[in-house]
Each structure stands twice: as structure tokens, then as C-alpha cells.
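Enquirer: Take this structure first; my questions come after.
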Amino acid sequence: MKAFQPDYRNMEKTARNIAVERFPLYDHSIGLDKIGEITGKDVESLSKGDESDLHEFFRIYCKFFKDMGYDAVPYNRRYTHALVGGGTLMDCRIPPTIRDMQDFLAYPWETIADRYFEKHDKYYRILREELPAGMKALGGVGNGVFEVVQDLVGIQNLCYISVDDEELYHGLFAKAGEVQLQIWQRLMKEYGDIYCVMRMSDDLGFCANTLLPTDDVKTLILPELKKVVDLVHSYNKPFLFHSCGNLVHIMDDLIDVVGIDAKHSNEDKIAPFYWWVETYGDRIGNFGGADVDAVCTYSRQELKEYMEEIIRKSLHHGGVAFGTGNSIPGYIPTENFLHMNEIIREFRGDFK
């Protein structure tokens, strides 16, 4: 068996909805605990260390993706980590930082872009230095405006604000979008060269629909996303949008108005991956594959039959990348993840 040689151009073409001979693997993220278990290295501790530790972290991190057959390294740093206060996105017990217009006007929005790079600059810089030959990164700035607003306001409080204070409701998304664009402008200028595909994640939906009214998503969130997509396109980079949930009611807007090049995230209770490919594969690239629950619970044979059906039904519909419909968190059994990875690579002929 020949050693795997990554080629980031496979990922770039796939995001542009161009079918490639060796379709790429893609997972939105793989938990550092999972990478540590597989490599036998304490990557979590290294990721929190000094610059020497970070160089070692990125060497291990990038080599892991290369060894596992990926053409690009998924990596971004979160917008929410630069916020002053916040935290309700991940923990609803944390009180909202912004409750009313007075809080909104007093919030230090003008400091957030600089805080972002004070916290994250070294990670992007060291990643650039440690990328293996043939690989680039796939990512950018984590969190879109919906997640940022939730982090500061909380989803329940946001729903109250939408009724009680329309000016504040609109202002939250506009200001979060203004800062978002500032961060992306600097990222593209300083670190755009290390990426083959730019990516944003903003979980807009649940299993039946969008979390906010569809019209609100179209008028408040998608215009801010479009500004980033237009910026990315000005650098001649493709844009991948990740969002969990049922996006059927906004897909035409995402494609025709916002201009995304590719989409990721799927779960079977909404629709199997190949449905998204068959429905939208003539317009955008599609990234995804196995429902995370299937990866958690299926035997290797069950997973093999399941994955091969997905792949067969998805090929020949433009650019497609396969992995999970979401990510590889710590609760996925390591053996099951390795089985999925092997099954995909066997199908594309890596082990011949």
C-alpha cells in the first residue's frame, strides 16, 4: 500500500461542486480527546501550552489528519471566545450579558475584533508553519451571528426581545455582523493563504425548521453571512456553510442570495445525506455522510452497508465529501470512528 499523499485541491474543487477522482474525507471536527486516544499523545494539554507546545500540537494534529486520509485540516478559532461576558450558548444557566438596550449600548463591541486576534493570532500563525506538504486548512472564524447573539443574550431571552424590543432585536444581529466582518477581513488578509476552503458554522435549525422564524433568518442573519461570503469570494476562495438542523426553507436563499458554494451537516431524521446531494448537487457541493447516531451504534458490517449505500447514491451528483454528518465528539466509540474511516477509504481504493 502506498503512503497517502494529501492534495488540498481535491477539497477545494469539491467545495466548488466539481467532482474529483479521489473524493475527500471531511468531518467538521474531531475531538482532541479522540485524537489523543488514537495517537497516544496528550494533545489537549499541548493545545493549551506555550509556543513550543503549540508547534508540537499542530505537528501531531496535522499528521493525524494526513495519516487518516484527509486532504485538508479542519481548523478555526471561535468568535465567541473573544466576547466580553457571554457563555449562554453553551450553558443556559449563565445569565445573559445583554438583557436590554442599555446593556447593548454599553457593550464594548469596538474591542472584540482586537480581542479575537490577541487571543487567536498565535494559533493561526503556528498552524501555517506546521501544515504538511500537500495540505491546507479548511475553516476560518468559528460561530456566525446567530450563535454570537445567543452567547450574549440567550435563546429564551432573545425570543422575548424579538417581541418586546424590535430595535434591539435587529441591532443585535447588525452589530454582531459588523464585528464579524471586521474579524473576517483581517483573517483573510493575514491568514487566508493557509486555507483552501473557508468555513463558517452557525447552527440555525432543529429537526423540523429554523430555530428563529424563517423570515427573521432571511432578513437578519443571511445578509450578515452574505457579507462574509462576498469577502471570501473576493479572495477567490470557496465558502462552506455548516449548520445543523432543517434548512430546507432557506436553502434557495443560501444558494442564490447568499452564494454559499457548499453545505455541511445532515442527520437521518431530517433527510439522509444522499437526499441533500440529489436535491442540491447540481448547485452546490455537499459535505456529510453518516448520521452520528449510526456511527455510535452500528456494527462494522452494518456501518459498511450503510456507508456504501450513501456513497453510491451520492456519487455523480457534483462535488461530494464523505465522513459524518457532523463531527467526531468524545462519546463516539473510537473503534466505530476508525471503522467508518476505513470503510470510506476502502471504497475509494486507498488500500489497494
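Following the order of the C-alpha cells, chains are lettered A, B, ..., residues in each are numbered from 1, and ligands are numbered from 1.
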Among region 20-211 of chain A, which ones does DSSP assign to alpha helix (DSSP H) (computed from the backbone)? Answer as a PyMOL selection string.

Expert: chain A and resi 32-39+43-47+51-67+101-106+112-130+145-153+155-164+166-191

Enquirer: Counting only C-alpha atoms, what are the residues of region 40-81 of chain A within 12 Å of region 111-116 of chain A, and for each of them which pair of atoms is the nearest and at what distance in Å, to one decimal? Sort the table by chain and rising number, as a tab-separated table.

Expert:
```
residue	atom	partner	partner_atom	distance
A:Asn76	CA	A:Tyr116	CA	11.9
A:Arg77	CA	A:Tyr116	CA	8.7
A:Arg78	CA	A:Tyr116	CA	8.4
A:Tyr79	CA	A:Tyr116	CA	6.8
A:Thr80	CA	A:Tyr116	CA	8.8
A:His81	CA	A:Tyr116	CA	7.4
```

Enquirer: Env of Gly154 (chain A): 12 Å cut, atoms = only C-alpha atoms, seq-sep filter 3 positions within chain, self excluded. Answer as an MDAnalysis selection string.

Expert: chainID A and resid 86:99 146:151 157:161 172

Enquirer: Taking 2 positions as the minimum chain separation for residues in the same chain, which residues sit within 12 Å of region 206-214 of chain A when counting only C-alpha atoms? Answer as a PyMOL selection string.

Expert: chain A and resi 146-147+150+155-156+158-160+162+169+202-204+216-222+243-251+253+265-271

Enquirer: Region 28-91 of chain A: which residues are strand (DSSP E) by DSSP, as a PyMOL selection string?

Expert: chain A and resi 72-78

Enquirer: Convert the current residue selection to file output with N, CA and C atoms, as a compact mmCIF listing (two decimals), in the first residue's frame.

Expert:
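Dumped to part_32.txt:
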```txt
# COMPACT_ATOMS: atom_id res chain seq x y z
N ALA A 72 -7.35 17.97 3.80
CA ALA A 72 -7.27 19.28 4.44
C ALA A 72 -7.49 19.12 5.94
N VAL A 73 -6.99 20.08 6.69
CA VAL A 73 -7.06 20.07 8.15
C VAL A 73 -8.16 21.03 8.59
N PRO A 74 -9.21 20.55 9.25
CA PRO A 74 -10.25 21.47 9.72
C PRO A 74 -9.75 22.26 10.92
N TYR A 75 -9.84 23.59 10.82
CA TYR A 75 -9.37 24.38 11.95
C TYR A 75 -9.94 25.79 11.91
N ASN A 76 -10.49 26.21 13.02
CA ASN A 76 -10.90 27.60 13.20
C ASN A 76 -10.83 27.95 14.68
N ARG A 77 -10.90 29.23 14.96
CA ARG A 77 -10.96 29.73 16.33
C ARG A 77 -12.28 30.48 16.51
N ARG A 78 -12.89 30.33 17.67
CA ARG A 78 -14.25 30.82 17.88
C ARG A 78 -14.33 32.33 18.10
```

Enquirer: Name the residues in contact with region 273-290 of chain A at a cut-off of 9 Å, using only C-alpha atoms, excluding same-chain residues fewer than 4 positions from it; report them as a ChimeraX atom specification.

Expert: /A:13-19,25-28,240,251,255,260-268,294-295,303,306-307,309-326,340

Enquirer: Mind giving me the straight-line distance from CA of Lys66 (chain A) to CA of His339 (chain A) in Å, one decimal?

Expert: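 These two atoms are separated by 16.8 Å.
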
Enquirer: Between A:Val257, A:Leu338, A:Cys62, A:Leu231, single out the one closest to Glu37 (chain A), counting only C-alpha atoms.

Expert: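 The answer is A:Leu338, which sits nearest to Glu37 (chain A).
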